Each structure stands twice: as C-alpha cells, then as structure tokens.
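Participant: The following block contains the structure, expressed as structure tokens.
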Amino acid sequence: MMSLRSIALLFVALAVAACSRQVPMLPQPPQRSEAWDPAVVEAMASLPLQEGGRVKPFATLAAYTLYFVHGRRDLKFGWTGADGTVAKVTLEPTEWLLDVWCFPDQAIDYPLFRIEHTGVLDALGISNEGQTLDFQYLSYRQMLERGERLGELARQFRPIEPRDRSAVQEHLVNSYAQLVVYHKLHQQLAALHADFQVTGAELRTALGGGERVRLGDIVAHADSFRKLVQSAGSDLESEKLGNTSALLATLVKLVEGDDGPSIFPPLAAVEVADRWHGLGEVVDAALRGSGRAEHAAMLQHLQAAITAKDSAARGRELRSFRDAVAAAANTRGEFDKVELETTYFRQSWHYRSIHWFLLGFVLAAVSWLVPRNKLIWWASFGITTIGLAMLTWDIGLRCVISERPPIKNLYDTFLFIAAMAVLTLLIAEYIVPRRIALALAPLLGAMLVMFARMFEVSKGEDTMAPLVAVLDSNYWLATHVTMINTGYAAGIGAAVLANAWVLVRLLRVAHPSDPLPKALMRMTYGVTCFSLMFSVVGTIYGGVWANDSWGRFWGWDPKENGALMICLSQIALLHARMSGWVRDFGFVVWSCVTGMVIFFSWFHVNLLGVGLHNYGFSTGLRDAVWIGYSVEALFVVLGTVDVLLWPDPARRRAPEPVGDADAALAGK
C-alpha cells in the first residue's frame, strides 16, 4: 500500500536534469562584431511606438513578433568560425529586433522560421537529409526564395476551415502569415540603409552636392528638392535634372509601401491626432512642405544610427532617437504606461510566482513526511501565499497598463483563474487542514501560469491589444467576466480536489470512510457551492449584458450554453448529494465531469468557429483541451473501475485518530 509518506519520498527524490538543446549552426560569423551595449538595449526597450491600435514599447513589439515568428522567447543559434570553433549566440527580443533594424543583411540569415513537419519542407522543395532534429529552422533569405510557392499554397489552403486543414496545410498557412509579419519589420527601415545615386548638376546642388545621398539627406534638403521639382514642371527628364524622375518614383514607392509600426508620434494632442506616423508619412510630409522639424530631427538620428561606423556612435544616435520620441510621446501623455509596461515585462512577476509555487508544493510534500510539524505547514502556506501575491501583483499591473479589469482576453483568464484557484484551495486548506489542498494549490497555480506562458508564445499576439467594440465596457468586464471566471476557477479547484479523492482511494492511501477522504469530500462540496454562486450570478449578468449589446437576453450561443451547462451540472450535483442519490464517490466523479464541462465552456467553444464568442481556432489550444478531457476522463474511468471491482477496499492500516496530526493542525 502506498502511503502519503511514500508519495512524499517519491516527490522529494525526483531530480530535474537539465539537457542541452541543439542550435542551428551558421557557416560564418554575424556582421555585428560586438554585442549590444546593455544600456542601449535597456533604453531602446522603452522606445514608444504605435502598432496594433495602441502605443507600446519597442520590447513588446519585439517579444510578440519573435513569439509569433520563431515560437520562442529568445533566438538561439551558433556559427562555425574560420578556426573551426563553434560559438553560440542567444539574442533576447530587443537585441534581435535591433539587429533587424540596424543589421538587416545579418538578420536575413538568422535561423528564424521553425518548420516542424517534413511535409512542409517537401512542399517548399527543401531537403531534410542529414537533420538530427525533428524540426528545422529556415532563415528569412530561405523563406523569401520560396515565398512565391509558399504564397500560392497558403492562398490555396486558407479558404479551408482551420479545423478541417491537415497538419501540413495548417503549417503552410501559418508559415506564410509569419513571413508576412516579419517581412514588414525587416523592410521597415530598408530605405535608411540604401544610398541613392544623384546625377545632374541642379539635382546635386539641391541635395547638398554629393554624388550619392541617403534618405536622411533628402529629408534634410526637402525644401530645395521640392522647389527644384516644382520649377521643372513636366520637364523632369532634362540633363540638368539628371535622375530626378527616377528618384521621385523611388520615394513614391517608399511612401506607398510603408506598412510597419508607426515610430513618429504626432506633435498635436491625442484628441486632435491619435494616429502615429510611419517613415513613409514623415518623408511624404517633408517633400510636400508640411513636415515638422522635430520629425526631421528624429529621422536624422535614426539615419545616423543606421550609417554609424562604430557601436558607440550607433548607440548614441539610437538613444537620441529614443529620447526625442519619448519626449514627444510624454507631452501627449502616452509615455508613462510605456515605461510601466517595459518594467512589467522585464520583472515578469507571474513567471517568478512559478518558482514560489513549486517551492510551496515541495514543502507541502515534505509536510506529509512530518505531519506533526506545524512549522512546515505554515512555511508551505506562507510561500504559496507569496507566489499568489506575486501573481496578483502581475494581474494588477496589467490592469493599470491597459486601464481595464483583470480579464480582457483568453490569455488573461489563465492568470486570473490561476490566482483564484490558488486562493480558493488555500482557504479550503485553512478551514480543513489536511495538507492535500496545501499541495494542490501551488501545483495548480504553477501549472496554469506555465500554460499561460505557453499559450502566449504559441499564439504570438499582443495580450494587451485594444478590445473590439462589443467588449469595450469596463463595467461588464469587471462584473460578468470576472464572476464567470471566478466560477471557472473554483470549479476547476473542485475537480482537482475530486481527482485527489480518487487518487487517495486508488492508491489505498486511506479507506473512503477515513478522515482524509471525508475531509477531501467536504472541501470538494464547499468549493463546488462557491463555484455555483459565482457561475449563476455571472451567467445572469452575461444575459443582461447580451440584452444591452445585442437586444436579447439569451441566444443559445455556445458560450452561453457552456455557462448554463456548468450551472445545471453543479445544481444537479448538489441536489443529488442532498437527496442522497449520490454519495462520496458519485459526488467526486460528477465533480470531475463538471471539470470537463468547464473546459468546454472556457476553451472549447473558442474552437467551434460559430457563435458570437468565437475567438479563433488554435491547434495548440485544441490539443490542450483534449488533453484536459482525457485526464479527467481517466480519473473517472479508473475510479469507477476501482469501485466496481473493490466496492469496500479492506483497510490495511488503522485509520488516523481524529485527535492525531491532522487535527492538531486545526489549532494552527
């Protein structure tokens, strides 16, 4: 028979082995010979820019683009030098995007696009021979060489519903989307890297007298260049004007093709001009005579950084550009949240909470070994509370930055439900101190936060993006959405406690009539009641919101049906328990099933592609949902088989007396 002490020894004995990961090798060293100055990286991380409808830090743009394109939080690769030695490189998101901006000829060969299916490589005509990994990274150069073919395949498969696509088709569609997103960033400052030949005496005089000029030089001499073009009229092909016509055509293409993030803030108030300007717009305004000196100065700093001959000069110009943009954004009242967001992502409080949760779990496991020791119980409880405080602080910062309630999108639900589930289980443990909820609380918190980070990277979308119009209501987000997700959190907590009851019986840790299973049953019952209260009130509030927004209280939308199913399942469960139709085992099995219903309402309705709450299909999310279903179904099946084969398992040890260790904890 496996006791709690044996399980604890197993957990304590487990060691985590760190394994090294192979990285793609490049045959030549990068062109940038020096690492980025940390001070420059830190300054540029908080460079404000506008993308996706909101002003955000440069670091945020870099991080989410790298998530979306590369599927990781950093870029790792290596190269073989001339002497045969192998050097490894790790670029954080800000460093990587600085390379894309300042060293595009280097970044073009970074192993960036992850291909995980040999069928995709075959479709693109790329050999997979000699590869030791089950995936392959392709560079931007390699993707461009096959861009036309990739585009054809993506256009062919895009009309197919996401759930009906094969793995190869889905991968091809996603790879093309990644290529388009990265292409915009890679080409955004390409015009600043180019130099333009100038022919014709008058054109050279107008542009400063040189035979070759940069875009910054053209903007600096925009007035004389514009006057030259206006005086020439339709006679742009004269010998004295040289290649004026060709230069104008190039500038027109630049203006029309500007599709990257906007990096030049308007100089008017937000109420007058809320949209920032891109590089092409600044050039166009300068050539038309409506440009601003402040924008020209910003562009000059950026041009000087691009053409700098050494890293010190490049760093100075980048910081000057950042300071000028930040000053303009601060005047508009758009910079304070940028600095806070930069600090938020750098500190990553939710990630730190994982370590405290895991430590709390380990201490809870140790407390099983020494059940009479109150100090370890309090240590585990306190450390888990510290992790909860970190996670709560993280959620609070997100609220301040976005000026929204805690939940705005699917990613937010992970963090919020993790915090509420931990809080619920800690309260259950405090009321009924049996050291089971004490272990489940930090374990569930760590798992949900890790899932949040995995979802964030796999989705690759800005988790603070502006809300669509129908969701743009802080009142309803703070009431309906918060209540519903509190119900989710408590319901999942009840399911986890039910899983623990099944596991205790299955492993013969205790007889079903012993104090430990009875305590688990009481906790499951209480947490279910707590979940039902928030689920019912939250569902009613959702109907009121639907009536306010769509003119009907109920429309049998899949999300609405999911919320109703949770309420009905929990109401029926509690009535069945009170009437005696189900006893302990029936109650915990039903709680496991309710957990599956919560998975459906929380996630699965997002994958159906129908209804007003359809947030988009995701292969990773689909797989996670089915894993959740399978885990809960496994507990139901194993528990049912065990009860059918051994309805009354024989006691192999005497039950713990009520006045023993667990009861001693009640005095705390």
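Starting from 1 in every chain, residues are counted up; chains themselves are A, B, ... following the order of the structure tokens, and ligands are numbered from 1 as listed.
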Using only C-alpha atoms, which protein or nucleic acid residues come within 9 Å of Ala418 (chain A)? Drop anything in the same chain fewer than 3 positions from it, and give the result as a CSV table (one decimal) with N, CA and C atoms, in the first residue's frame.
Facilitator:
chain,number,residue,atom,x,y,z
A,388,LEU,N,1.2,33.7,-4.7
A,388,LEU,CA,-0.1,34.2,-5.0
A,388,LEU,C,-0.1,35.8,-5.1
A,391,LEU,N,1.6,36.8,-8.3
A,391,LEU,CA,0.7,36.7,-9.4
A,391,LEU,C,-0.4,37.8,-9.4
A,413,THR,N,-7.4,35.0,-18.8
A,413,THR,CA,-8.1,34.0,-18.0
A,413,THR,C,-7.2,33.0,-17.3
A,414,PHE,N,-6.1,32.7,-17.9
A,414,PHE,CA,-5.1,31.8,-17.3
A,414,PHE,C,-4.6,32.4,-16.0
A,415,LEU,N,-4.2,33.6,-16.0
A,415,LEU,CA,-3.6,34.2,-14.8
A,415,LEU,C,-4.6,34.4,-13.8
A,421,ALA,N,-8.0,30.1,-8.2
A,421,ALA,CA,-7.9,28.7,-7.9
A,421,ALA,C,-7.0,28.5,-6.7
A,422,VAL,N,-5.8,29.2,-6.7
A,422,VAL,CA,-4.9,29.1,-5.6
A,422,VAL,C,-5.5,29.6,-4.3
A,423,LEU,N,-6.2,30.8,-4.4
A,423,LEU,CA,-6.8,31.4,-3.3
A,423,LEU,C,-7.9,30.5,-2.7
A,444,LEU,N,-1.4,23.6,-8.9
A,444,LEU,CA,-2.3,24.0,-9.9
A,444,LEU,C,-1.9,25.4,-10.3
A,445,GLY,N,-1.5,26.3,-9.4
A,445,GLY,CA,-1.1,27.7,-9.7
A,445,GLY,C,0.1,27.6,-10.7
A,446,ALA,N,1.1,26.8,-10.4
A,446,ALA,CA,2.3,26.8,-11.3
A,446,ALA,C,1.9,26.2,-12.6
A,447,MET,N,1.1,25.2,-12.7
A,447,MET,CA,0.7,24.6,-14.0
A,447,MET,C,-0.1,25.7,-14.8
A,448,LEU,N,-1.0,26.4,-14.2
A,448,LEU,CA,-1.8,27.3,-15.0
A,448,LEU,C,-1.0,28.5,-15.5
A,449,VAL,N,-0.1,29.0,-14.7
A,449,VAL,CA,0.8,30.1,-15.1
A,449,VAL,C,1.7,29.6,-16.3
A,489,ALA,N,-12.6,29.1,-11.9
A,489,ALA,CA,-11.5,28.8,-11.1
A,489,ALA,C,-11.9,27.9,-9.9
Participant: Just want the 12 Å neighbourhood of region 206-211 of chain A, counted on only C-alpha atoms, with same-chain residues fewer than 6 positions away dropped. Output as a ChimeraX atom specification.
Facilitator: /A:195-200,217-229,240-244,247
Participant: Could you write those residues out with N, CA and C atoms, as a short mmCIF file (atom, residue, chain, number, x, y, z; two decimals), in the first residue's frame?
Facilitator:
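Final file, selection.cif:
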data_model
loop_
_atom_site.label_atom_id
_atom_site.label_comp_id
_atom_site.auth_asym_id
_atom_site.auth_seq_id
_atom_site.Cartn_x
_atom_site.Cartn_y
_atom_site.Cartn_z
N ASP A 195 21.58 53.90 -50.32
CA ASP A 195 22.00 55.22 -50.78
C ASP A 195 21.60 55.38 -52.23
N PHE A 196 21.34 56.61 -52.62
CA PHE A 196 20.78 56.90 -53.93
C PHE A 196 21.80 57.69 -54.75
N GLN A 197 22.00 57.24 -55.97
CA GLN A 197 22.90 57.96 -56.87
C GLN A 197 22.22 59.24 -57.36
N VAL A 198 22.99 60.31 -57.43
CA VAL A 198 22.47 61.61 -57.85
C VAL A 198 23.22 62.04 -59.10
N THR A 199 22.48 62.26 -60.17
CA THR A 199 23.07 62.76 -61.41
C THR A 199 22.38 64.07 -61.78
N GLY A 200 23.06 64.91 -62.50
CA GLY A 200 22.50 66.21 -62.88
C GLY A 200 22.96 67.28 -61.91
N ASP A 217 19.40 62.62 -45.94
CA ASP A 217 19.87 63.81 -46.66
C ASP A 217 18.74 64.41 -47.50
N ILE A 218 17.94 63.56 -48.10
CA ILE A 218 16.82 64.06 -48.92
C ILE A 218 15.83 64.81 -48.05
N VAL A 219 15.52 64.27 -46.87
CA VAL A 219 14.58 64.95 -45.97
C VAL A 219 15.19 66.26 -45.47
N ALA A 220 16.49 66.25 -45.18
CA ALA A 220 17.14 67.48 -44.72
C ALA A 220 17.10 68.57 -45.78
N HIS A 221 17.14 68.21 -47.04
CA HIS A 221 17.10 69.18 -48.14
C HIS A 221 15.77 69.13 -48.87
N ALA A 222 14.72 68.78 -48.14
CA ALA A 222 13.41 68.60 -48.78
C ALA A 222 12.90 69.88 -49.42
N ASP A 223 13.15 71.04 -48.79
CA ASP A 223 12.63 72.29 -49.34
C ASP A 223 13.25 72.61 -50.69
N SER A 224 14.58 72.51 -50.79
CA SER A 224 15.24 72.81 -52.07
C SER A 224 14.90 71.76 -53.12
N PHE A 225 14.74 70.51 -52.70
CA PHE A 225 14.37 69.46 -53.65
C PHE A 225 12.95 69.69 -54.18
N ARG A 226 12.05 70.08 -53.30
CA ARG A 226 10.67 70.33 -53.73
C ARG A 226 10.61 71.52 -54.69
N LYS A 227 11.36 72.57 -54.40
CA LYS A 227 11.36 73.75 -55.27
C LYS A 227 11.93 73.39 -56.65
N LEU A 228 12.94 72.52 -56.66
CA LEU A 228 13.51 72.09 -57.93
C LEU A 228 12.48 71.35 -58.76
N VAL A 229 11.76 70.45 -58.15
CA VAL A 229 10.75 69.67 -58.87
C VAL A 229 9.62 70.58 -59.33
N LYS A 240 20.10 68.54 -66.84
CA LYS A 240 20.50 69.20 -65.60
C LYS A 240 19.80 68.59 -64.38
N LEU A 241 18.60 68.04 -64.61
CA LEU A 241 17.86 67.43 -63.50
C LEU A 241 18.27 65.98 -63.26
N GLY A 242 19.04 65.43 -64.20
CA GLY A 242 19.57 64.09 -64.01
C GLY A 242 18.48 63.05 -63.77
N ASN A 243 18.64 62.29 -62.69
CA ASN A 243 17.71 61.19 -62.39
C ASN A 243 16.63 61.61 -61.39
N THR A 244 16.19 62.87 -61.46
CA THR A 244 15.14 63.36 -60.56
C THR A 244 13.88 62.52 -60.67
N LEU A 247 14.31 59.17 -58.97
CA LEU A 247 14.38 59.34 -57.52
C LEU A 247 12.98 59.58 -56.94
#
Participant: Give me the residues near region 557-563 of chain A as number ranges by chain, where near means some atom within 12 Å (using only C-alpha atoms) and where sequence neighbours in that chain fewer than 6 positions away do not count.
Facilitator: A: 480-481, 483-485, 487-488, 491, 531-532, 534-543, 545-546, 569-570, 594-615
Participant: Near Val504 (chain A), within 12 Å and counting only C-alpha atoms, which residues show up once chain neighbours fewer than 3 positions away are dropped, as number ranges by chain?
Facilitator: A: 1-4, 7, 436, 497-501, 507-521, 585, 635, 639, 642, 649
Participant: Counting only C-alpha atoms, figure out which residue out of A:Trp626, A:Trp646, A:Phe530, A:Tyr475 gets nearest to Cys567 (chain A).
Facilitator: A:Phe530
Participant: For region 273-282 of chain A, please output as a list in words all residues within 7 Å (counting only C-alpha atoms; exclusion window: fewer than 4 positions along the same chain).
Facilitator: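 Counting only C-alpha atoms, the residues come to Gln50, Leu254, Val255, Asp258, Pro261, Ser262, Ile263, Phe264, Pro265, Pro266, Ala268, Ala269, Ala286, Gly291 and His295 of chain A.
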Participant: Write out as a compact mmCIF listing (two decimals) with C-alpha atoms, in the first residue's frame the set of residues from region 321-478 of chain A that DSSP, computed on the backbone, places in helix (DSSP H, G or I).
Facilitator:
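Ended up saving to selection36.txt:
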# COMPACT_ATOMS: atom_id res chain seq x y z
CA PHE A 321 16.23 58.99 -31.34
CA ARG A 322 14.56 57.19 -28.45
CA ASP A 323 14.76 60.26 -26.19
CA ALA A 324 13.25 62.52 -28.85
CA VAL A 325 10.35 60.12 -29.49
CA ALA A 326 9.81 59.55 -25.76
CA ALA A 327 9.73 63.31 -25.11
CA ALA A 328 7.08 63.84 -27.77
CA ALA A 329 5.05 60.88 -26.51
CA ASN A 330 5.34 62.14 -22.94
CA THR A 331 3.98 65.54 -23.98
CA ASP A 336 4.04 56.77 -18.69
CA LYS A 337 2.29 53.48 -19.48
CA VAL A 338 5.09 52.59 -21.92
CA GLU A 339 7.70 52.78 -19.18
CA LEU A 340 5.45 50.81 -16.83
CA GLU A 341 4.85 48.14 -19.46
CA THR A 342 8.58 47.85 -20.14
CA THR A 343 9.20 47.35 -16.42
CA TYR A 344 6.29 44.90 -16.21
CA PHE A 345 7.68 42.60 -18.89
CA ARG A 346 11.21 42.88 -17.53
CA GLN A 347 10.16 41.92 -13.99
CA TRP A 349 6.09 38.69 -11.74
CA HIS A 350 3.85 35.86 -12.95
CA TYR A 351 6.93 33.90 -14.03
CA ARG A 352 8.57 34.48 -10.65
CA SER A 353 5.44 33.18 -8.96
CA ILE A 354 6.01 29.78 -10.58
CA HIS A 355 9.20 29.27 -8.55
CA TRP A 356 7.46 30.14 -5.29
CA PHE A 357 4.53 27.89 -6.13
CA LEU A 358 6.86 24.97 -6.82
CA LEU A 359 8.73 25.60 -3.59
CA GLY A 360 5.41 25.70 -1.73
CA PHE A 361 4.47 22.37 -3.33
CA VAL A 362 7.76 20.77 -2.30
CA LEU A 363 7.29 21.95 1.28
CA ALA A 364 3.74 20.60 1.25
CA ALA A 365 5.12 17.23 0.13
CA VAL A 366 7.70 17.39 2.92
CA SER A 367 4.91 18.12 5.40
CA TRP A 368 3.45 14.71 4.53
CA LEU A 369 6.65 13.18 5.91
CA LYS A 374 3.18 22.85 12.11
CA LEU A 375 6.16 24.97 11.06
CA ILE A 376 6.48 23.24 7.69
CA TRP A 377 2.72 23.55 7.15
CA TRP A 378 2.90 27.28 7.81
CA ALA A 379 6.03 27.60 5.64
CA SER A 380 4.29 25.96 2.70
CA PHE A 381 1.16 28.03 3.26
CA GLY A 382 3.18 31.25 3.52
CA ILE A 383 5.37 30.61 0.49
CA THR A 384 2.35 29.72 -1.62
CA THR A 385 0.77 32.97 -0.44
CA ILE A 386 3.88 34.85 -1.59
CA GLY A 387 3.52 33.26 -5.03
CA LEU A 388 -0.15 34.25 -5.04
CA ALA A 389 0.79 37.82 -4.10
CA MET A 390 3.27 37.98 -7.00
CA LEU A 391 0.68 36.68 -9.42
CA THR A 392 -1.92 39.13 -8.08
CA TRP A 393 0.56 42.00 -8.43
CA ASP A 394 1.20 40.93 -12.02
CA ILE A 395 -2.52 40.98 -12.76
CA GLY A 396 -2.86 44.38 -11.08
CA LEU A 397 -0.08 45.86 -13.22
CA ARG A 398 -1.81 44.60 -16.34
CA CYS A 399 -4.99 46.35 -15.20
CA VAL A 400 -3.13 49.64 -14.69
CA ILE A 401 -1.32 49.44 -18.04
CA SER A 402 -4.40 48.55 -20.08
CA LEU A 410 -8.24 34.39 -23.29
CA TYR A 411 -4.67 34.83 -22.04
CA ASP A 412 -5.86 36.86 -19.06
CA THR A 413 -8.14 34.03 -17.99
CA PHE A 414 -5.14 31.79 -17.32
CA LEU A 415 -3.59 34.23 -14.85
CA PHE A 416 -6.87 35.18 -13.19
CA ILE A 417 -8.13 31.61 -12.84
CA ALA A 418 -4.72 30.53 -11.54
CA ALA A 419 -4.86 33.21 -8.83
CA MET A 420 -8.47 32.47 -7.86
CA ALA A 421 -7.92 28.69 -7.85
CA VAL A 422 -4.89 29.06 -5.56
CA LEU A 423 -6.82 31.39 -3.27
CA THR A 424 -9.81 29.03 -3.13
CA LEU A 425 -7.69 25.99 -2.32
CA LEU A 426 -5.71 27.88 0.32
CA ILE A 427 -8.95 28.88 2.02
CA ALA A 428 -10.14 25.27 1.85
CA GLU A 429 -6.86 24.12 3.38
CA TYR A 430 -7.09 26.71 6.14
CA ILE A 431 -10.62 25.59 7.03
CA ILE A 436 -3.86 17.93 0.38
CA ALA A 437 -5.25 21.31 -0.73
CA LEU A 438 -1.99 22.75 0.59
CA ALA A 439 -0.13 20.78 -2.10
CA LEU A 440 -2.77 21.14 -4.82
CA ALA A 441 -2.95 24.95 -4.55
CA PRO A 442 0.67 25.75 -5.57
CA LEU A 443 0.80 22.85 -8.04
CA LEU A 444 -2.32 24.04 -9.86
CA GLY A 445 -1.10 27.65 -9.75
CA ALA A 446 2.27 26.76 -11.27
CA MET A 447 0.66 24.64 -13.98
CA LEU A 448 -1.84 27.32 -15.03
CA VAL A 449 0.82 30.06 -15.14
CA MET A 450 3.07 27.80 -17.22
CA PHE A 451 0.15 27.11 -19.55
CA ALA A 452 -0.37 30.87 -19.80
CA ARG A 453 3.23 31.38 -20.90
CA MET A 454 3.00 28.54 -23.41
CA PHE A 455 -0.26 29.96 -24.79
CA GLU A 456 1.28 33.44 -25.01
CA VAL A 457 4.22 32.22 -27.07
CA SER A 458 2.24 29.83 -29.28
CA LYS A 459 -0.42 32.44 -30.03
CA ALA A 469 -16.23 47.45 -29.75
CA VAL A 470 -18.71 44.97 -28.24
CA LEU A 471 -16.31 44.17 -25.36
CA ASN A 474 -15.17 48.11 -18.13
CA TYR A 475 -18.34 47.64 -16.10
CA TRP A 476 -19.35 44.37 -17.74
CA LEU A 477 -15.76 43.13 -17.88
CA ALA A 478 -15.47 43.77 -14.14
Participant: A:Ala201, A:Val69, A:Ala43, A:Leu185: which is nearest Leu138 (chain A), counting only C-alpha atoms?
Facilitator: A:Val69
Participant: Under the rule that only C-alpha atoms are counted, which of A:Ala35, A:Pro93, A:Asp584, A:Leu318 is the nearest residue to Ala62 (chain A)?
Facilitator: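 Result for the nearest residue to Ala62 (chain A): A:Pro93.
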Participant: Under the rule that only C-alpha atoms are counted, which of A:Val168, A:Val496, A:Cys102, A:Leu75 is the nearest residue to Gly119 (chain A)?
Facilitator: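 Of A:Val168, A:Val496, A:Cys102, A:Leu75, the one nearest Gly119 (chain A), counting only C-alpha atoms, is A:Val168.
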Participant: Which of these, A:Gly315, A:Gly216, A:Gly460, A:Gly551, has the shortest distance to Ala296 (chain A) once you count only C-alpha atoms?
Facilitator: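 Smallest distance to Ala296 (chain A) is found for A:Gly216.
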